file protein.pdb (PDB, C-alpha atoms)
ATOM      1  CA  MET A  45     303.945 114.132 269.524
ATOM      2  CA  LYS A  46     307.490 112.808 269.344
ATOM      3  CA  PHE A  47     310.498 114.847 268.331
ATOM      4  CA  ARG A  48     313.840 113.603 267.154
ATOM      5  CA  VAL A  49     316.590 114.350 269.657
ATOM      6  CA  SER A  50     319.842 115.532 268.129
ATOM      7  CA  ALA A  51     323.125 114.296 269.587
ATOM      8  CA  VAL A  52     325.051 117.099 267.858
ATOM      9  CA  PRO A  53     326.551 119.643 270.290
ATOM     10  CA  ARG A  54     324.753 122.931 269.822
ATOM     11  CA  LEU A  55     326.433 126.286 269.272
ATOM     12  CA  LEU A  56     324.628 128.699 271.579
ATOM     13  CA  ARG A  57     324.410 132.363 270.642
ATOM     14  CA  ALA A  58     322.528 135.254 272.211
ATOM     15  CA  CYS A  59     319.886 137.256 270.360
ATOM     16  CA  VAL A  60     318.968 140.606 271.936
ATOM     17  CA  LEU A  61     315.561 141.912 270.825
ATOM     18  CA  ALA A  62     315.879 145.689 270.677
ATOM     19  CA  GLY A  63     313.806 146.665 267.653
ATOM     20  CA  GLY A  64     310.518 147.643 269.253
ATOM     21  CA  ALA A  65     308.951 151.011 268.513
ATOM     22  CA  SER A  66     308.461 151.720 272.278
ATOM     23  CA  ARG A  67     305.123 153.431 271.599
ATOM     24  CA  ARG A  68     303.762 152.762 275.085
ATOM     25  CA  MET A  69     306.932 154.043 276.761
ATOM     26  CA  GLY A  70     307.010 157.171 274.647
ATOM     27  CA  SER A  71     310.761 157.010 274.062
ATOM     28  CA  ASP A  72     313.276 154.394 272.949
ATOM     29  CA  LYS A  73     313.430 151.856 275.797
ATOM     30  CA  ALA A  74     316.776 150.501 274.677
ATOM     31  CA  LEU A  75     318.512 153.820 275.346
ATOM     32  CA  LEU A  76     316.857 154.587 278.693
ATOM     33  CA  PRO A  77     319.360 155.014 281.566
ATOM     34  CA  HIS A  78     319.697 151.852 283.628
ATOM     35  CA  PRO A  79     320.102 151.891 287.446
ATOM     36  CA  ARG A  80     323.310 149.833 287.075
ATOM     37  CA  GLY A  81     324.749 152.446 284.736
ATOM     38  CA  GLY A  82     324.690 152.779 280.990
ATOM     39  CA  THR A  83     321.460 152.020 279.135
ATOM     40  CA  TRP A  84     318.985 149.162 279.084
ATOM     41  CA  LEU A  85     320.659 148.020 275.869
ATOM     42  CA  ASP A  86     324.089 148.112 277.520
ATOM     43  CA  ASN A  87     322.766 146.075 280.437
ATOM     44  CA  THR A  88     321.183 143.360 278.302
ATOM     45  CA  VAL A  89     324.221 143.037 276.042
ATOM     46  CA  ALA A  90     326.483 142.836 279.100
ATOM     47  CA  LEU A  91     324.370 140.016 280.578
ATOM     48  CA  ALA A  92     324.728 138.015 277.364
ATOM     49  CA  MET A  93     328.444 138.677 277.023
ATOM     50  CA  ALA A  94     329.027 137.625 280.630
ATOM     51  CA  LEU A  95     327.987 134.143 279.468
ATOM     52  CA  GLU A  96     330.838 134.338 276.916
ATOM     53  CA  LEU A  97     328.406 133.951 274.020
ATOM     54  CA  PRO A  98     328.500 135.603 270.601
ATOM     55  CA  VAL A  99     325.846 138.321 270.743
ATOM     56  CA  LEU A 100     323.548 139.512 267.963
ATOM     57  CA  VAL A 101     321.350 142.566 268.466
ATOM     58  CA  LEU A 102     318.224 142.675 266.295
ATOM     59  CA  SER A 103     317.069 146.235 265.727
ATOM     60  CA  GLY A 104     315.777 148.534 263.030
ATOM     61  CA  HIS A 105     316.963 151.615 264.908
ATOM     62  CA  ALA A 106     319.937 153.203 263.164
ATOM     63  CA  SER A 107     320.771 154.835 266.500
ATOM     64  CA  HIS A 108     321.373 151.390 268.033
ATOM     65  CA  GLN A 109     323.843 150.460 265.329
ATOM     66  CA  GLU A 110     325.733 153.703 265.887
ATOM     67  CA  TYR A 111     325.596 153.284 269.669
ATOM     68  CA  LEU A 112     327.007 149.754 269.603
ATOM     69  CA  ALA A 113     329.583 150.294 266.851
ATOM     70  CA  SER A 114     333.008 148.863 267.714
ATOM     71  CA  ARG A 115     331.930 147.683 271.182
ATOM     72  CA  SER A 116     333.274 144.130 270.863
ATOM     73  CA  PRO A 117     334.170 141.567 268.194
ATOM     74  CA  GLN A 118     331.619 139.257 269.882
ATOM     75  CA  LEU A 119     328.841 141.721 269.128
ATOM     76  CA  ARG A 120     326.924 142.150 265.861
ATOM     77  CA  VAL A 121     323.896 144.260 265.013
ATOM     78  CA  LEU A 122     321.449 142.977 262.411
ATOM     79  CA  SER A 123     319.029 145.480 260.945
ATOM     80  CA  GLU A 124     315.367 144.488 260.804
ATOM     81  CA  PRO A 125     312.662 146.134 258.676
ATOM     82  CA  TRP A 126     311.049 149.365 259.845
ATOM     83  CA  PRO A 127     308.431 149.757 261.124
ATOM     84  CA  PRO A 128     308.910 146.656 263.273
ATOM     85  CA  ALA A 129     306.496 143.763 262.788
ATOM     86  CA  GLY A 130     307.043 142.271 266.227
ATOM     87  CA  PRO A 131     309.703 140.173 267.966
ATOM     88  CA  LEU A 132     308.740 136.867 266.351
ATOM     89  CA  GLN A 133     309.116 138.304 262.861
ATOM     90  CA  ALA A 134     312.512 139.696 263.871
ATOM     91  CA  PHE A 135     313.657 136.386 265.366
ATOM     92  CA  ALA A 136     312.668 134.583 262.171
ATOM     93  CA  ALA A 137     315.567 136.365 260.447
ATOM     94  CA  VAL A 138     318.070 134.280 262.442
ATOM     95  CA  PHE A 139     316.240 131.156 263.607
ATOM     96  CA  SER A 140     316.878 128.140 261.397
ATOM     97  CA  ALA A 141     316.291 124.409 261.159
ATOM     98  CA  ARG A 142     319.943 123.649 261.923
ATOM     99  CA  SER A 143     320.208 121.100 264.715
ATOM    100  CA  ASP A 144     323.696 122.259 265.698
ATOM    101  CA  GLU A 145     322.710 125.716 266.923
ATOM    102  CA  ALA A 146     320.501 127.385 269.505
ATOM    103  CA  TRP A 147     319.604 130.929 270.521
ATOM    104  CA  LEU A 148     319.335 132.524 273.934
ATOM    105  CA  VAL A 149     316.680 135.198 273.371
ATOM    106  CA  LEU A 150     316.801 138.312 275.560
ATOM    107  CA  PRO A 151     314.443 141.300 275.355
ATOM    108  CA  ILE A 152     315.843 144.676 276.354
ATOM    109  CA  ASP A 153     312.816 145.520 278.533
ATOM    110  CA  LEU A 154     313.599 143.202 281.463
ATOM    111  CA  PRO A 155     315.814 145.661 283.362
ATOM    112  CA  CYS A 156     315.849 143.628 286.593
ATOM    113  CA  LEU A 157     317.256 140.469 285.006
ATOM    114  CA  THR A 158     320.565 139.263 286.486
ATOM    115  CA  SER A 159     323.517 137.138 285.464
ATOM    116  CA  PRO A 160     322.827 134.439 288.106
ATOM    117  CA  ALA A 161     319.302 134.041 286.716
ATOM    118  CA  LEU A 162     320.674 133.473 283.222
ATOM    119  CA  ASP A 163     323.249 131.032 284.583
ATOM    120  CA  THR A 164     320.486 128.891 286.089
ATOM    121  CA  LEU A 165     318.413 129.105 282.907
ATOM    122  CA  LEU A 166     321.350 127.982 280.806
ATOM    123  CA  ALA A 167     322.233 125.121 283.161
ATOM    124  CA  ALA A 168     318.635 123.858 283.088
ATOM    125  CA  TRP A 169     318.501 123.963 279.287
ATOM    126  CA  ARG A 170     321.745 121.988 278.999
ATOM    127  CA  GLU A 171     319.947 119.079 280.676
ATOM    128  CA  GLN A 172     317.547 118.757 277.700
ATOM    129  CA  GLU A 173     318.957 120.697 274.784
ATOM    130  CA  HIS A 174     316.437 119.384 272.258
ATOM    131  CA  ALA A 175     313.566 121.425 273.716
ATOM    132  CA  ALA A 176     313.137 125.165 274.094
ATOM    133  CA  LEU A 177     313.262 126.450 277.663
ATOM    134  CA  VAL A 178     311.199 129.561 278.431
ATOM    135  CA  ALA A 179     310.985 131.712 281.531
ATOM    136  CA  HIS A 180     307.904 131.450 283.749
ATOM    137  CA  ASP A 181     307.076 133.860 286.583
ATOM    138  CA  GLY A 182     304.761 131.506 288.440
ATOM    139  CA  GLU A 183     301.643 132.840 286.722
ATOM    140  CA  ARG A 184     302.484 132.873 283.027
ATOM    141  CA  GLN A 185     305.235 132.133 280.564
ATOM    142  CA  GLN A 186     307.562 134.892 279.434
ATOM    143  CA  PRO A 187     308.680 133.418 276.095
ATOM    144  CA  LEU A 188     310.781 136.396 274.987
ATOM    145  CA  LEU A 189     313.284 135.193 277.572
ATOM    146  CA  GLY A 190     314.284 131.669 276.664
ATOM    147  CA  ILE A 191     316.574 129.329 274.783
ATOM    148  CA  TYR A 192     315.415 128.065 271.404
ATOM    149  CA  PRO A 193     317.282 125.202 269.703
ATOM    150  CA  GLY A 194     317.249 124.954 265.940
ATOM    151  CA  MET A 195     314.966 122.175 264.753
ATOM    152  CA  ALA A 196     313.297 121.418 261.422
ATOM    153  CA  CYS A 197     309.808 121.099 262.905
ATOM    154  CA  SER A 198     310.143 124.326 264.899
ATOM    155  CA  HIS A 199     311.432 126.227 261.891
ATOM    156  CA  ALA A 200     308.629 124.909 259.678
ATOM    157  CA  ALA A 201     306.034 125.872 262.283
ATOM    158  CA  LEU A 202     307.467 129.380 262.443
ATOM    159  CA  GLU A 203     307.354 129.815 258.681
ATOM    160  CA  ARG A 204     303.778 128.503 258.468
ATOM    161  CA  GLN A 205     302.579 130.793 261.212
ATOM    162  CA  LEU A 206     304.195 133.931 259.816
ATOM    163  CA  GLY A 207     302.887 132.961 256.388
ATOM    164  CA  ARG A 208     299.384 133.161 257.851
ATOM    165  CA  GLY A 209     300.143 136.636 259.164
ATOM    166  CA  CYS A 210     300.147 135.560 262.823
ATOM    167  CA  HIS A 211     302.962 137.161 264.815
ATOM    168  CA  ARG A 212     302.084 135.965 268.323
ATOM    169  CA  TRP A 213     305.074 134.295 269.975
ATOM    170  CA  HIS A 214     302.847 132.257 272.292
ATOM    171  CA  ASP A 215     301.056 130.731 269.309
ATOM    172  CA  TRP A 216     304.362 129.517 267.901
ATOM    173  CA  LEU A 217     305.506 128.266 271.295
ATOM    174  CA  HIS A 218     302.516 125.938 271.529
ATOM    175  CA  GLN A 219     303.621 124.234 268.308
ATOM    176  CA  ILE A 220     307.193 123.400 269.322
ATOM    177  CA  PRO A 221     308.794 121.193 272.000
ATOM    178  CA  HIS A 222     309.367 123.364 275.054
ATOM    179  CA  ARG A 223     309.618 123.407 278.825
ATOM    180  CA  SER A 224     309.048 126.195 281.352
ATOM    181  CA  PHE A 225     311.604 127.374 283.870
ATOM    182  CA  PHE A 226     310.569 129.355 286.935
ATOM    183  CA  LEU A 227     312.305 132.629 287.678
ATOM    184  CA  PRO A 228     311.232 135.008 290.466
ATOM    185  CA  PRO A 229     308.681 137.502 289.109
ATOM    186  CA  GLU A 230     310.676 140.466 290.383
ATOM    187  CA  LEU A 231     313.441 139.521 287.937
ATOM    188  CA  LEU A 232     310.943 139.457 285.081
ATOM    189  CA  LEU A 233     309.498 142.915 285.597
ATOM    190  CA  ASN A 234     308.441 143.953 282.104
ATOM    191  CA  ALA A 235     308.683 147.725 281.794
ATOM    192  CA  ASN A 236     306.471 149.034 278.998
ATOM    193  CA  HIS A 237     305.123 152.324 280.319
ATOM    194  CA  SER A 238     306.750 155.365 281.869
ATOM    195  CA  ALA A 239     304.899 154.579 285.116
ATOM    196  CA  ASP A 240     306.746 151.238 285.269
ATOM    197  CA  LEU A 241     310.046 153.068 285.670
ATOM    198  CA  ALA A 242     309.107 154.064 289.218
ATOM    199  CA  ALA A 243     309.060 150.401 290.223
ATOM    200  CA  LEU A 244     312.747 150.121 289.356
ATOM    201  CA  THR A 245     313.695 152.476 292.202
ATOM    202  CA  ASP A 246     312.509 149.817 294.664
ATOM    203  CA  GLY A 247     314.733 147.101 293.199
ATOM    204  CA  GLU A 248     318.263 146.199 294.177
ATOM    205  CA  PHE A 249     320.840 146.534 291.454
TER     206      PHE A 249
END
call {"tool": "encode", "arguments": {"input": "protein.pdb", "output": "structure tokens"}}
result
Amino acid sequence: MKFRVSAVPRLLRACVLAGGASRRMGSDKALLPHPRGGTWLDNTVALAMALELPVLVLSGHASHQEYLASRSPQLRVLSEPWPPAGPLQAFAAVFSARSDEAWLVLPIDLPCLTSPALDTLLAAWREQEHAALVAHDGERQQPLLGIYPGMACSHAALERQLGRGCHRWHDWLHQIPHRSFFLPPELLLNANHSADLAALTDGEF
């Protein structure tokens, strides 16, 4: 399948996914204390802002909006419906067919992620801006960390899939132009359960 490559410079913005219900963790992951200080939400927002990007936080938690109020003019919080219907449904609120924009997507539950890792991801995407670039830990893709350029075919595929009631991000990914980018698995530690928090004490922050 061939895709039209846009020559228009893309405006890159960051989208922080913070709207999960955190059922498996048992408490709001976004507001857990982070080993670097602050919360997991603070840490993820700081990583995005270090790239000097406009940052949008997607969340249905009123507590997140209050927590982030007046933090920075670069930062906006967009409310999503409650209860949450999954990250892909949330991302659909901002993703468009516009060929002059792209989104760096960051989930709040990758507490070991670092600025240098995002720098390398961004540099690799700039080499082929027409295709999405998603993180890969050597065993599987981690598509909630990636850069997604606006594109008519990608937007149409997203709308069709959600219209069928399918909210799996991987299913959408297989329908759009994308590449994988390896990042060390220790940086992509996905913390979903309270037992996962113990693994963070072994990391270097």
call {"tool": "axis_aligned_box", "arguments": {"input": "protein.pdb", "around": "segment 164-169 of chain A", "padding_each_side": "5 Å", "output": "AutoDock Vina command-line options"}}
result
--center_x 320.3 --center_y 126.5 --center_z 282.7 --size_x 13.8 --size_y 15.2 --size_z 16.8
call {"tool": "residues_around", "arguments": {"input": "protein.pdb", "residues": "Glu124 of chain A", "least_positions_apart": "2", "cutoff": "7 Å", "atoms": "only C-alpha atoms", "output": "ChimeraX atom specification"}}
result
/A:102-104,122,126,134
call {"tool": "write_last_selection", "arguments": {"input": "protein.pdb", "atoms": "C-alpha atoms", "output": "mmCIF file, keeping the file's coordinate frame"}}
result
data_model
loop_
_atom_site.group_PDB
_atom_site.id
_atom_site.type_symbol
_atom_site.label_atom_id
_atom_site.label_comp_id
_atom_site.auth_asym_id
_atom_site.auth_seq_id
_atom_site.Cartn_x
_atom_site.Cartn_y
_atom_site.Cartn_z
ATOM 1 C CA LEU A 102 318.224 142.675 266.295
ATOM 2 C CA SER A 103 317.069 146.235 265.727
ATOM 3 C CA GLY A 104 315.777 148.534 263.030
ATOM 4 C CA LEU A 122 321.449 142.977 262.411
ATOM 5 C CA TRP A 126 311.049 149.365 259.845
ATOM 6 C CA ALA A 134 312.512 139.696 263.871
#
call {"tool": "residues_around", "arguments": {"input": "protein.pdb", "residues": "segment 148-159 of chain A", "least_positions_apart": "5", "cutoff": "7 Å", "atoms": "all atoms listed in the file", "output": "list in words"}}
result
Leu56, Arg57, Ala58, Cys59, Val60, Leu61, Ala62, Lys73, Ala74, Trp84, Leu85, Thr88, Leu91, Leu188, Leu189, Gly190, Ile191, Tyr192, Leu231, Leu232, Leu233, Asn234 and Ala235 of chain A
call {"tool": "closest_residue", "arguments": {"input": "protein.pdb", "among": "A:Gln186, A:Trp216, A:Ala94, A:Leu206", "to": "Pro160 of chain A", "atoms": "all atoms listed in the file"}}
result
A:Ala94
call {"tool": "residues_around", "arguments": {"input": "protein.pdb", "residues": "Thr164 of chain A", "least_positions_apart": "4", "cutoff": "10 Å", "atoms": "all atoms listed in the file", "output": "PyMOL selection string"}}
result
chain A and resi 159-160+168-170+225-227
call {"tool": "resolve_selection", "arguments": {"input": "protein.pdb", "expression": "the PyMOL selection byres ((chain A and resi 108) around 9)", "output": "PyMOL selection string"}}
result
chain A and resi 62-63+74-75+85+101+103-107+109-113+121
call {"tool": "closest_residue", "arguments": {"input": "protein.pdb", "among": "A:Ala179, A:Cys210, A:Ile220, A:Leu162", "to": "Leu132 of chain A", "atoms": "all atoms listed in the file"}}
result
A:Cys210
call {"tool": "resolve_selection", "arguments": {"input": "protein.pdb", "expression": "the PyMOL selection byres ((chain A and resi 172) around 12)", "output": "list in words"}}
result
Val49, Ser50, Ala51, Pro53, Arg54, Leu165, Leu166, Ala167, Ala168, Trp169, Arg170, Glu171, Glu173, His174, Ala175, Ala176, Leu177, Ile191, Tyr192, Pro193, Pro221, His222, Arg223 and Ser224 of chain A
call {"tool": "write_last_selection", "arguments": {"input": "protein.pdb", "atoms": "C-alpha atoms", "output": "PDB file, keeping the file's coordinate frame"}}
result
ATOM      1  CA  VAL A  49     316.590 114.350 269.657  1.00  0.00           C
ATOM      2  CA  SER A  50     319.842 115.532 268.129  1.00  0.00           C
ATOM      3  CA  ALA A  51     323.125 114.296 269.587  1.00  0.00           C
ATOM      4  CA  PRO A  53     326.551 119.643 270.290  1.00  0.00           C
ATOM      5  CA  ARG A  54     324.753 122.931 269.822  1.00  0.00           C
ATOM      6  CA  LEU A 165     318.413 129.105 282.907  1.00  0.00           C
ATOM      7  CA  LEU A 166     321.350 127.982 280.806  1.00  0.00           C
ATOM      8  CA  ALA A 167     322.233 125.121 283.161  1.00  0.00           C
ATOM      9  CA  ALA A 168     318.635 123.858 283.088  1.00  0.00           C
ATOM     10  CA  TRP A 169     318.501 123.963 279.287  1.00  0.00           C
ATOM     11  CA  ARG A 170     321.745 121.988 278.999  1.00  0.00           C
ATOM     12  CA  GLU A 171     319.947 119.079 280.676  1.00  0.00           C
ATOM     13  CA  GLU A 173     318.957 120.697 274.784  1.00  0.00           C
ATOM     14  CA  HIS A 174     316.437 119.384 272.258  1.00  0.00           C
ATOM     15  CA  ALA A 175     313.566 121.425 273.716  1.00  0.00           C
ATOM     16  CA  ALA A 176     313.137 125.165 274.094  1.00  0.00           C
ATOM     17  CA  LEU A 177     313.262 126.450 277.663  1.00  0.00           C
ATOM     18  CA  ILE A 191     316.574 129.329 274.783  1.00  0.00           C
ATOM     19  CA  TYR A 192     315.415 128.065 271.404  1.00  0.00           C
ATOM     20  CA  PRO A 193     317.282 125.202 269.703  1.00  0.00           C
ATOM     21  CA  PRO A 221     308.794 121.193 272.000  1.00  0.00           C
ATOM     22  CA  HIS A 222     309.367 123.364 275.054  1.00  0.00           C
ATOM     23  CA  ARG A 223     309.618 123.407 278.825  1.00  0.00           C
ATOM     24  CA  SER A 224     309.048 126.195 281.352  1.00  0.00           C
TER      25      SER A 224
END
call {"tool": "atom_distance", "arguments": {"input": "protein.pdb", "atom1": "atom CA of Gln205 of chain A", "atom2": "atom CA of Phe139 of chain A"}}
result
13.9 Å
call {"tool": "closest_residue", "arguments": {"input": "protein.pdb", "among": "A:Leu97, A:Leu76, A:Ala141, A:Val178", "to": "Ala201 of chain A", "atoms": "only C-alpha atoms"}}
result
A:Ala141
call {"tool": "atom_distance", "arguments": {"input": "protein.pdb", "atom1": "atom CA of Pro228 of chain A", "atom2": "atom CA of Pro131 of chain A"}}
result
23.1 Å
call {"tool": "atom_distance", "arguments": {"input": "protein.pdb", "atom1": "atom CA of Ala161 of chain A", "atom2": "atom CA of Ala129 of chain A"}}
result
28.8 Å
